[in-house]
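Only one structure is covered here, and it is reproduced in the block below.
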There are 2 protein chains.
Amino acid sequence: MLLDNVKTPADVKKLNIKQLNALADEIRERVIDVVDKNGGHLASNLGVAEIIVALYYCFDFPKDKLIFDVGHQCYAHKILSGRNDRFDTIRKEGGLSGFPDPSESVFDAFGAGHAGNSISACLGYCSARDYLKEDYYVIDVVGDASLFNGENLEAATTNEKKPKKFIVILNDNGMSISKNNNGLYKIMSTVTTKKSYGRFMDFFSRTIGNSFIGRGLKAFKRWIKRSINGLSVIDSLGFKYVGIFYGNKIGELIRILNNVKNSDRGVILHLKTVKGKGLADAEEHADFYHGVGKNLKASECTFSEAVGKILTEEARKNEKLTAICAAMKDGTGLKTFAEEFPERFFDAGIAEEHAVTFAAGQAMGGLKPVVCVYSTFLQRAYDQIMQDVCIQNLPVIFMVDRAGVVGSDGVTHQGLFDLSYLRMLPNMKVFAPKDVAELEDIFNYCLKISSPCAIRFPNGSHGLYPEHTPINERLWEYSGEIEENVILCVGARTLETAHKAQELTDKKTIVVNCRSVKPLDEDFLRKLDGKNVITVEENVLSGGFGSAVAEFFAENKIETKLKILAFPDCFVKHAETQVQLEKAGITPENIVANLI
Amino acid sequence: MLLDNVKTPADVKKLNIKQLNALADEIRERVIDVVDKNGGHLASNLGVAEIIVALYYCFDFPKDKLIFDVGHQCYAHKILSGRNDRFDTIRKEGGLSGFPDPSESVFDAFGAGHAGNSISACLGYCSARDYLKEDYYVIDVVGDASLFNGENLEAATTNEKKPKKFIVILNDNGMSISKNNNGLYKIMSTVTTKKSYGRFMDFFSRTIGNSFIGRGLKAFKRWIKRSINGLSVIDSLGFKYVGIFYGNKIGELIRILNNVKNSDRGVILHLKTVKGKGLADAEEHADFYHGVGKNLKASECTFSEAVGKILTEEARKNEKLTAICAAMKDGTGLKTFAEEFPERFFDAGIAEEHAVTFAAGQAMGGLKPVVCVYSTFLQRAYDQIMQDVCIQNLPVIFMVDRAGVVGSDGVTHQGLFDLSYLRMLPNMKVFAPKDVAELEDIFNYCLKISSPCAIRFPNGSHGLYPEHTPINERLWEYSGEIEENVILCVGARTLETAHKAQELTDKKTIVVNCRSVKPLDEDFLRKLDGKNVITVEENVLSGGFGSAVAEFFAENKIETKLKILAFPDCFVKHAETQVQLEKAGITPENIVANLI
């Protein structure tokens, strides 16, 4: 195995082209092997292996800075930067993160988890480097969908001439997470379908590229390129555009990288790769395999799948219902909906801001939009939710997926803030169902409310309760008398935890399903004077559900003992979901410890 | 006066071109007159008058939808849509809003206050219209800076062919709020400098445009246009690009609008206007006059001005200090800094997301960036603050200007959420100085902290206290013993209010300057067992400072009476600052009423 002898980046430089290609294959095998055990991002990491190997051959990391957009393409980088011996700990507690993390390694030049930040980060780096008169390359590896996120577009268009020693590698596997639906991308990718152009380029490079005629032809080549794909705009933005080349041929990559190194300004190097290369199954179903659980098996019935079913059924009855996602059709359960109602399904691409305002526009125009986005990604549209939806009090429903801890995806993907950032918005209502049946009931309830509503739920499969009280009868659900100890729970997992706590104790307790976080069930809360109240939520303590209860008690001069079980003021790293909950003290034992 | 007889949009259609031009002049006079009394956005509203008159002539509002980006260009629209008789109430309590507001008039098709949302909103409208088989035009008036905000870029690039009966009017006054610093914009505007092209276009249109030769020349014209300004990308994105024309000639505007009405897809109509037209002083200093207070006078010493001085002085000593703003150089007080340190001043344009991540990149690269953004606009970068700055725990300082209520700018511009959305972020520290001297002390304190810090302060001028305790000695400032009543205040205005309350009562009180909102002064809070605590803040109650205090008391089993004086769960409309505070109960009298 070559990989056994590649301990440092310097070792990569000792290999010849044939060995480098073999190294890329070994990296792919290693990735497949570990992702099979640990879960993680598979397809994108397989396609990018040659690019990373070539970068390590041509550049000096960590002196040069390698930055990833989104960051889930970083596995080969981790393997080559001295972390191969720990690579099988990836996404596990105490092990490597599934994303770049500067606190993990000096080779991770910038943290990444959400799309679209890399060009801004690189420009910041270049700005510091040039002002401090330092000398290093800044290299950005960005996928074809992330490149067109609004923030990257802001960064690309903001300054005129891009600094030199700045190379944006567009890793174009033609996919994004789902199918790429971006106009600019379509323009850029047309050239790949023009085979004659590619053949001309190859012929041109190999034969007369440097002759007298060649220099004349170069101008012609540029003209062709601009004419057929409108790429002159990229040149005009201050980038030098170089492409399109195959990204899975290391020899060619090294030649090109060495060529663009000395450009007098920033370069966009457009490379075509095969997402899921080396795994036949993944090549065919790259979307499904974007992020996979352990043993490459899909999980069973989840809240996301329920969302898909509920929306599809509702759409059959309600002609005005639309569904909007941001490059997460499968992840948010909308595949069937999209197939049955293509004219009412909208994938905004990795553009959460646009997705939310687009929904607001649809609502203004008389439709009933449902926006399906993960909790962590919805953060990107915080301002749009406030300004475009809440201020105008529009009946947009948000399906907030992956709320709470997300396990091995880790720090950048935790859905631990949405109760706080949604609850503070006037006009917004916030719900958290205990199971998929209650999800449907709450969704139907939201359909009748002419205000913004958010329904948050965790990832994974959860139990189905035998029955529930419809939410239009009572905001919070509970049975029996109010006891000395009142446990207020938000969402499926905390409710389960509280029920387990009840089994561990003889103390008198009542467990309440606080499925409506905003509004609170004020009638119920007013009855709690003198009680011992414990709130349990998968959200940061700051501004969350327990905080809302504390505010209400203060406002209404209700004197209780109050214990808030929530996530403390620090970011939560990758680990098993159960471990993340235990570390935050969201356990049956800790609930019992707070009973009186 | 023509305006006296223009009561409804239908009345505009009865006028001839000469009268329409006169109407635009009358509108300008009316705007100058009212802005002189009420304050408001002047320059942009003067330049756009002819465009609005022409739109009212050519379209049928409110059946057709007129949407503004940012919205501060909407004054002429308000005057022509039956609101002229109330126009002198603009920005006043109970009067017209300074921005479009659907709850104010059916003519305001979509609310706006922050830049960049209009193309998304229009596409949402078009989507609803086409699906519901309705028939109306959707017209977007967008400024040259807002067009290149990330969200508009997402919307422009997301779908391929833009729907018909959708017209984006690019009102290009070549300014943005400050100087336009956008690469795409520079490409688009090059054409205006090529006079020969303009002359050719004029000649072409007037003479041979429809002849046989003309049709051939049309292709040539398109080729010229694409060659010289790279605009083919706009065509390729699915828009039909039409421009550049003068936007202050109504006859020509009507001809063009009637032409583009029947385009088979969405149109970008690029119009050049003169910002501040009709007011010599404003034409020269359009930036200063972007938003003006009453009587067109600048205010005296403000927190923003202090920021500029402090940063400039620090930059003289500290070579690594940089300042970053988002199209608000003057508003955030950075004019002098930019002049003295042009290489360390960065205006990101209306691109708050890019600004924040760019700062994170600079910090990673070894610089010390200070990001100066208004509280309301910083919301746009909430996710970047979390993901790029806080997760990586980077020493970026945020100067959060216009925090608290902002008076007549109203609902979209209130800085009433930052304590909540910043406080919940791990690693972030949040401060609120009582005066400009304390601002400097806190800034110096933040310079020594290697974590993200936010310093929030209100608009306007405020008193200067004779002395203060340095924050490195004690987090919160107070003198004397802890009394029965403890008033915890955040920021200059609430502190002033609390001191007035003290003067109104004989009850024993202590007023505390809680200049550090995060971390809290826990040592002090632990001493409050059994006390009557009143918190006062200019922020929503939900998740704010009082909420943090309530959380701390619950966590630490400190039993107090707690009253949180903060803004209730609704949006705050335009009015005098004082009125907004009174309505929220942030008054000396209400503090006194809560004493025991």
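Ligands are numbered from 1 in the order shown, chains are lettered A, B, ... in the order of the structure tokens, and residues start at 1 in each chain.
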Original post:
Counting only C-alpha atoms, what is within 10 Å of region 317-326 of chain B, bar same-chain residues fewer than 5 positions away, as a ChimeraX atom specification?
Top reply: /A:128,131-132 /B:177-178,308,311-312,331-334,337-338,341-356,358-359,362-363,366-374,377-378,397-399,447
Original post:
So which residues touch Thr376 (chain B) within 10 Å, counting only C-alpha atoms, skipping near sequence neighbours fewer than 2 positions away, as a ChimeraX atom specification?
Top reply: /A:383,387 /B:113-114,373-374,378-380,400-404,406,412-418
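If only C-alpha atoms are the atoms counted, then among A:Gly407, A:Gly40, A:Pro433, A:Gly365 the closest residue to Lys63 (chain B) is A:Gly365.
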Test item: residues at most 7 Å from region 273-277 of chain A, only C-alpha atoms, excluding those fewer than 5 positions along its chain, as an mmCIF file with N, CA, C and O atoms, in the first residue's frame:
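around25.cif was written with the following content:
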data_model
loop_
_atom_site.group_PDB
_atom_site.id
_atom_site.type_symbol
_atom_site.label_atom_id
_atom_site.label_comp_id
_atom_site.auth_asym_id
_atom_site.auth_seq_id
_atom_site.Cartn_x
_atom_site.Cartn_y
_atom_site.Cartn_z
ATOM 1 N N LEU A 42 -20.138 10.318 0.960
ATOM 2 C CA LEU A 42 -19.390 9.346 0.175
ATOM 3 C C LEU A 42 -19.084 9.855 -1.232
ATOM 4 O O LEU A 42 -17.927 10.098 -1.594
ATOM 5 N N ALA A 43 -20.119 10.044 -2.028
ATOM 6 C CA ALA A 43 -19.941 10.250 -3.463
ATOM 7 C C ALA A 43 -18.992 11.420 -3.756
ATOM 8 O O ALA A 43 -18.062 11.296 -4.563
ATOM 9 N N SER A 44 -19.204 12.557 -3.105
ATOM 10 C CA SER A 44 -18.388 13.726 -3.420
ATOM 11 C C SER A 44 -16.925 13.501 -3.060
ATOM 12 O O SER A 44 -16.026 14.005 -3.733
ATOM 13 N N LEU A 46 -15.362 10.657 -3.208
ATOM 14 C CA LEU A 46 -14.736 9.741 -4.149
ATOM 15 C C LEU A 46 -14.282 10.495 -5.399
ATOM 16 O O LEU A 46 -13.182 10.286 -5.916
ATOM 17 N N GLY A 47 -15.126 11.406 -5.860
ATOM 18 C CA GLY A 47 -14.823 12.099 -7.108
ATOM 19 C C GLY A 47 -13.650 13.059 -7.013
ATOM 20 O O GLY A 47 -12.974 13.347 -8.001
ATOM 21 N N VAL A 48 -13.405 13.574 -5.814
ATOM 22 C CA VAL A 48 -12.436 14.654 -5.666
ATOM 23 C C VAL A 48 -11.019 14.148 -5.362
ATOM 24 O O VAL A 48 -10.073 14.941 -5.276
ATOM 25 N N ASN A 171 -15.001 22.134 -8.470
ATOM 26 C CA ASN A 171 -15.143 20.685 -8.604
ATOM 27 C C ASN A 171 -16.546 20.401 -9.107
ATOM 28 O O ASN A 171 -17.499 20.371 -8.344
ATOM 29 N N ASP A 172 -16.659 20.220 -10.384
ATOM 30 C CA ASP A 172 -17.958 20.160 -11.046
ATOM 31 C C ASP A 172 -18.334 18.713 -11.316
ATOM 32 O O ASP A 172 -17.873 18.107 -12.276
ATOM 33 N N ASN A 173 -19.171 18.170 -10.434
ATOM 34 C CA ASN A 173 -19.666 16.820 -10.709
ATOM 35 C C ASN A 173 -21.087 16.862 -11.254
ATOM 36 O O ASN A 173 -21.772 15.845 -11.339
ATOM 37 N N TYR A 246 -10.740 17.635 -17.312
ATOM 38 C CA TYR A 246 -11.144 16.500 -16.495
ATOM 39 C C TYR A 246 -10.394 16.522 -15.169
ATOM 40 O O TYR A 246 -9.190 16.699 -15.136
ATOM 41 N N GLY A 247 -11.116 16.332 -14.087
ATOM 42 C CA GLY A 247 -10.530 16.421 -12.765
ATOM 43 C C GLY A 247 -10.102 15.082 -12.206
ATOM 44 O O GLY A 247 -9.699 14.987 -11.050
ATOM 45 N N ASN A 248 -10.160 14.049 -12.997
ATOM 46 C CA ASN A 248 -9.754 12.743 -12.484
ATOM 47 C C ASN A 248 -8.498 12.206 -13.174
ATOM 48 O O ASN A 248 -8.193 11.034 -13.096
ATOM 49 N N ALA A 282 -22.860 4.000 -6.070
ATOM 50 C CA ALA A 282 -22.893 5.421 -5.735
ATOM 51 C C ALA A 282 -22.903 6.279 -6.995
ATOM 52 O O ALA A 282 -23.532 7.328 -7.034
ATOM 53 N N GLU A 283 -22.209 5.850 -8.029
ATOM 54 C CA GLU A 283 -22.215 6.637 -9.261
ATOM 55 C C GLU A 283 -23.625 6.764 -9.806
ATOM 56 O O GLU A 283 -24.008 7.790 -10.338
ATOM 57 N N ALA A 286 -25.965 8.964 -6.822
ATOM 58 C CA ALA A 286 -25.107 9.859 -6.043
ATOM 59 C C ALA A 286 -25.908 10.715 -5.067
ATOM 60 O O ALA A 286 -25.420 11.075 -4.011
#
**OP:** May I have the residues within 9 Å of Pro470 (chain A) as number ranges by chain, using only C-alpha atoms and disregarding those fewer than 3 positions away in the same chain?
**Re:** A: 438, 441-442, 473-475, 477
Just write the chosen residues, N, CA, C and O atoms, as a PDB file, in the first residue's frame.
ATOM      1  N   GLU A 438     -48.807  13.260  15.154  1.00  0.00           N
ATOM      2  CA  GLU A 438     -49.014  14.609  15.663  1.00  0.00           C
ATOM      3  C   GLU A 438     -48.489  15.649  14.667  1.00  0.00           C
ATOM      4  O   GLU A 438     -49.032  16.749  14.555  1.00  0.00           O
ATOM      5  N   ASP A 441     -51.330  16.302  12.429  1.00  0.00           N
ATOM      6  CA  ASP A 441     -52.354  17.105  13.103  1.00  0.00           C
ATOM      7  C   ASP A 441     -51.921  18.572  13.178  1.00  0.00           C
ATOM      8  O   ASP A 441     -52.696  19.483  12.879  1.00  0.00           O
ATOM      9  N   ILE A 442     -50.674  18.788  13.559  1.00  0.00           N
ATOM     10  CA  ILE A 442     -50.172  20.158  13.688  1.00  0.00           C
ATOM     11  C   ILE A 442     -50.106  20.833  12.324  1.00  0.00           C
ATOM     12  O   ILE A 442     -50.429  22.014  12.174  1.00  0.00           O
ATOM     13  N   GLU A 473     -57.740  21.243  20.349  1.00  0.00           N
ATOM     14  CA  GLU A 473     -58.462  21.104  21.619  1.00  0.00           C
ATOM     15  C   GLU A 473     -57.681  21.712  22.772  1.00  0.00           C
ATOM     16  O   GLU A 473     -58.245  22.294  23.692  1.00  0.00           O
ATOM     17  N   ARG A 474     -56.349  21.535  22.704  1.00  0.00           N
ATOM     18  CA  ARG A 474     -55.522  21.981  23.823  1.00  0.00           C
ATOM     19  C   ARG A 474     -54.097  22.148  23.300  1.00  0.00           C
ATOM     20  O   ARG A 474     -53.601  21.270  22.605  1.00  0.00           O
ATOM     21  N   LEU A 475     -53.430  23.256  23.634  1.00  0.00           N
ATOM     22  CA  LEU A 475     -52.093  23.507  23.074  1.00  0.00           C
ATOM     23  C   LEU A 475     -51.088  22.462  23.544  1.00  0.00           C
ATOM     24  O   LEU A 475     -50.308  21.952  22.758  1.00  0.00           O
ATOM     25  N   GLU A 477     -50.252  18.797  25.637  1.00  0.00           N
ATOM     26  CA  GLU A 477     -50.895  17.511  25.867  1.00  0.00           C
ATOM     27  C   GLU A 477     -50.376  16.889  27.164  1.00  0.00           C
ATOM     28  O   GLU A 477     -49.162  16.828  27.385  1.00  0.00           O
TER      29      GLU A 477
END
Subject >> Top pick for closest residue to Tyr382 (chain A), considering B:Asp25, B:Gly585, B:Tyr421, B:Leu20 and counting only C-alpha atoms >> reply: B:Tyr421
**OP:** Could you pull out the residues in region 350-538 of chain B that DSSP calls strand (DSSP E) from the backbone, as a ChimeraX atom specification?
**Re:** /B:368-374,397-401,429-431,453-456,485-489,509-513,516-518,532-538
Let me see the file: selected residues, C-alpha atoms, as a compact mmCIF listing (two decimals), in the first residue's frame.
# COMPACT_ATOMS: atom_id res chain seq x y z
CA LYS B 368 -7.75 42.38 13.43
CA PRO B 369 -10.99 43.20 11.60
CA VAL B 370 -13.76 45.41 12.94
CA VAL B 371 -17.11 44.99 11.18
CA CYS B 372 -19.36 48.07 11.34
CA VAL B 373 -22.96 47.27 10.42
CA TYR B 374 -26.38 48.42 11.61
CA ILE B 397 -15.22 42.83 16.64
CA PHE B 398 -18.72 43.83 15.55
CA MET B 399 -19.76 47.44 15.93
CA VAL B 400 -23.54 47.05 16.00
CA ASP B 401 -24.90 50.47 15.12
CA LYS B 429 -19.44 38.41 23.94
CA VAL B 430 -21.95 41.26 23.85
CA PHE B 431 -21.52 44.77 25.22
CA CYS B 453 -17.17 40.54 20.47
CA ALA B 454 -20.18 42.69 19.64
CA ILE B 455 -20.62 46.25 20.86
CA ARG B 456 -24.13 47.60 20.35
CA ASN B 485 -34.92 47.57 44.27
CA VAL B 486 -32.27 46.74 41.69
CA ILE B 487 -32.62 48.29 38.25
CA LEU B 488 -30.47 46.57 35.65
CA CYS B 489 -30.06 48.71 32.51
CA THR B 509 -33.06 51.82 44.44
CA ILE B 510 -29.75 51.02 42.86
CA VAL B 511 -29.23 51.58 39.15
CA VAL B 512 -26.74 49.27 37.46
CA ASN B 513 -25.06 49.87 34.12
CA SER B 516 -21.73 43.50 29.50
CA VAL B 517 -24.79 41.54 28.40
CA LYS B 518 -22.72 38.45 27.81
CA ASN B 532 -36.90 43.18 43.54
CA VAL B 533 -35.11 43.18 40.20
CA ILE B 534 -36.18 45.22 37.17
CA THR B 535 -34.35 44.80 33.89
CA VAL B 536 -34.58 47.48 31.20
CA GLU B 537 -33.46 47.01 27.60
CA GLU B 538 -34.16 48.12 24.06
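Using only C-alpha atoms, the residues found no farther than 12 Å from Pro466 (chain B), other than those of its own chain fewer than 4 positions away, are B:Lys434, B:Asp435, B:Val436, B:Ala437, B:Glu438.
Each of A:Pro452, A:Gly544, A:Gly491, A:Gly251 was checked against chain B using only C-alpha atoms; the smallest atom-to-atom distance is that of A:Gly544.
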Original post:
Could you name the residues that touch Val106 (chain B) at 10 Å or less, counting only C-alpha atoms, but leaving out those on the same chain fewer than 5 positions away, as a list of chain:residue names?
Top reply: B:Phe61, B:Pro62, B:Lys63, B:Lys65, B:Ser81, B:Asp101
**OP:** Would you mind listing what lies within 9 Å of Phe553 (chain B) as a ChimeraX atom specification, with only C-alpha atoms counted and same-chain residues fewer than 5 positions away left out?
**Re:** /B:525-526,529,548,558-560
Give me a file of those residues, with all heavy atoms, as a PDB file, in the first residue's frame.
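The new file again33.pdb reads:
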ATOM      1  N   LEU B 525     -25.036  39.298  40.297  1.00  0.00           N
ATOM      2  CA  LEU B 525     -26.370  38.677  40.281  1.00  0.00           C
ATOM      3  C   LEU B 525     -26.579  37.731  41.463  1.00  0.00           C
ATOM      4  O   LEU B 525     -27.682  37.601  41.991  1.00  0.00           O
ATOM      5  CB  LEU B 525     -26.599  37.927  38.963  1.00  0.00           C
ATOM      6  CG  LEU B 525     -26.824  38.801  37.717  1.00  0.00           C
ATOM      7  CD1 LEU B 525     -26.903  37.938  36.459  1.00  0.00           C
ATOM      8  CD2 LEU B 525     -28.111  39.622  37.852  1.00  0.00           C
ATOM      9  N   ARG B 526     -25.505  37.088  41.875  1.00  0.00           N
ATOM     10  CA  ARG B 526     -25.622  36.156  43.000  1.00  0.00           C
ATOM     11  C   ARG B 526     -25.995  36.852  44.311  1.00  0.00           C
ATOM     12  O   ARG B 526     -26.457  36.216  45.261  1.00  0.00           O
ATOM     13  CB  ARG B 526     -24.293  35.418  43.200  1.00  0.00           C
ATOM     14  CG  ARG B 526     -24.085  34.267  42.242  1.00  0.00           C
ATOM     15  CD  ARG B 526     -22.749  33.580  42.484  1.00  0.00           C
ATOM     16  NE  ARG B 526     -22.179  33.107  41.249  1.00  0.00           N
ATOM     17  CZ  ARG B 526     -22.589  32.022  40.585  1.00  0.00           C
ATOM     18  NH1 ARG B 526     -23.572  31.299  41.072  1.00  0.00           N
ATOM     19  NH2 ARG B 526     -22.027  31.668  39.456  1.00  0.00           N
ATOM     20  N   ASP B 529     -30.446  37.688  45.816  1.00  0.00           N
ATOM     21  CA  ASP B 529     -31.464  36.829  46.412  1.00  0.00           C
ATOM     22  C   ASP B 529     -32.419  37.670  47.257  1.00  0.00           C
ATOM     23  O   ASP B 529     -31.994  38.442  48.111  1.00  0.00           O
ATOM     24  CB  ASP B 529     -30.781  35.761  47.276  1.00  0.00           C
ATOM     25  CG  ASP B 529     -31.561  34.457  47.257  1.00  0.00           C
ATOM     26  OD1 ASP B 529     -31.820  33.947  46.153  1.00  0.00           O
ATOM     27  OD2 ASP B 529     -31.927  33.977  48.333  1.00  0.00           O
ATOM     28  N   ALA B 548     -31.971  36.549  29.838  1.00  0.00           N
ATOM     29  CA  ALA B 548     -30.693  35.990  30.303  1.00  0.00           C
ATOM     30  C   ALA B 548     -30.618  36.018  31.826  1.00  0.00           C
ATOM     31  O   ALA B 548     -30.158  35.060  32.465  1.00  0.00           O
ATOM     32  CB  ALA B 548     -29.530  36.775  29.710  1.00  0.00           C
ATOM     33  N   ILE B 558     -31.654  31.339  42.493  1.00  0.00           N
ATOM     34  CA  ILE B 558     -31.708  32.624  43.193  1.00  0.00           C
ATOM     35  C   ILE B 558     -33.143  33.123  43.111  1.00  0.00           C
ATOM     36  O   ILE B 558     -33.693  33.288  42.017  1.00  0.00           O
ATOM     37  CB  ILE B 558     -30.734  33.632  42.549  1.00  0.00           C
ATOM     38  CG1 ILE B 558     -29.298  33.145  42.758  1.00  0.00           C
ATOM     39  CG2 ILE B 558     -30.934  35.033  43.127  1.00  0.00           C
ATOM     40  CD1 ILE B 558     -28.294  33.787  41.857  1.00  0.00           C
ATOM     41  N   GLU B 559     -33.764  33.308  44.255  1.00  0.00           N
ATOM     42  CA  GLU B 559     -35.176  33.668  44.255  1.00  0.00           C
ATOM     43  C   GLU B 559     -35.349  35.164  44.396  1.00  0.00           C
ATOM     44  O   GLU B 559     -34.997  35.758  45.406  1.00  0.00           O
ATOM     45  CB  GLU B 559     -35.899  32.907  45.363  1.00  0.00           C
ATOM     46  CG  GLU B 559     -35.878  31.409  45.065  1.00  0.00           C
ATOM     47  CD  GLU B 559     -36.756  30.598  45.999  1.00  0.00           C
ATOM     48  OE1 GLU B 559     -37.458  31.192  46.838  1.00  0.00           O
ATOM     49  OE2 GLU B 559     -36.729  29.357  45.879  1.00  0.00           O
ATOM     50  N   THR B 560     -35.880  35.765  43.358  1.00  0.00           N
ATOM     51  CA  THR B 560     -36.104  37.205  43.356  1.00  0.00           C
ATOM     52  C   THR B 560     -37.464  37.465  42.752  1.00  0.00           C
ATOM     53  O   THR B 560     -38.068  36.582  42.145  1.00  0.00           O
ATOM     54  CB  THR B 560     -35.090  37.930  42.437  1.00  0.00           C
ATOM     55  OG1 THR B 560     -35.344  37.516  41.093  1.00  0.00           O
ATOM     56  CG2 THR B 560     -33.655  37.588  42.791  1.00  0.00           C
TER      57      THR B 560
END
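When CA of Ala575 (chain A) is paired with CA of Arg91 (chain A), their separation reads 6.5 Å.
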Subject >> A:Phe239, A:Phe571, A:Phe245, A:Phe166 ranked by distance to chain B, top pick (using only C-alpha atoms) >> reply: A:Phe571
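Here CA of Ala432 (chain B) stands at a distance of 17.2 Å from CA of Lys448 (chain B).
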Original post:
Can you list, as number ranges by chain, every residue of region 14-46 of chain B that DSSP puts in alpha helix (DSSP H)?
Top reply: B: 17-38, 43-46
Original post:
How many Å lie between CA of Ser120 (chain A) and CA of Phe59 (chain A), rounded to one decimal?
Top reply: 21.3 Å
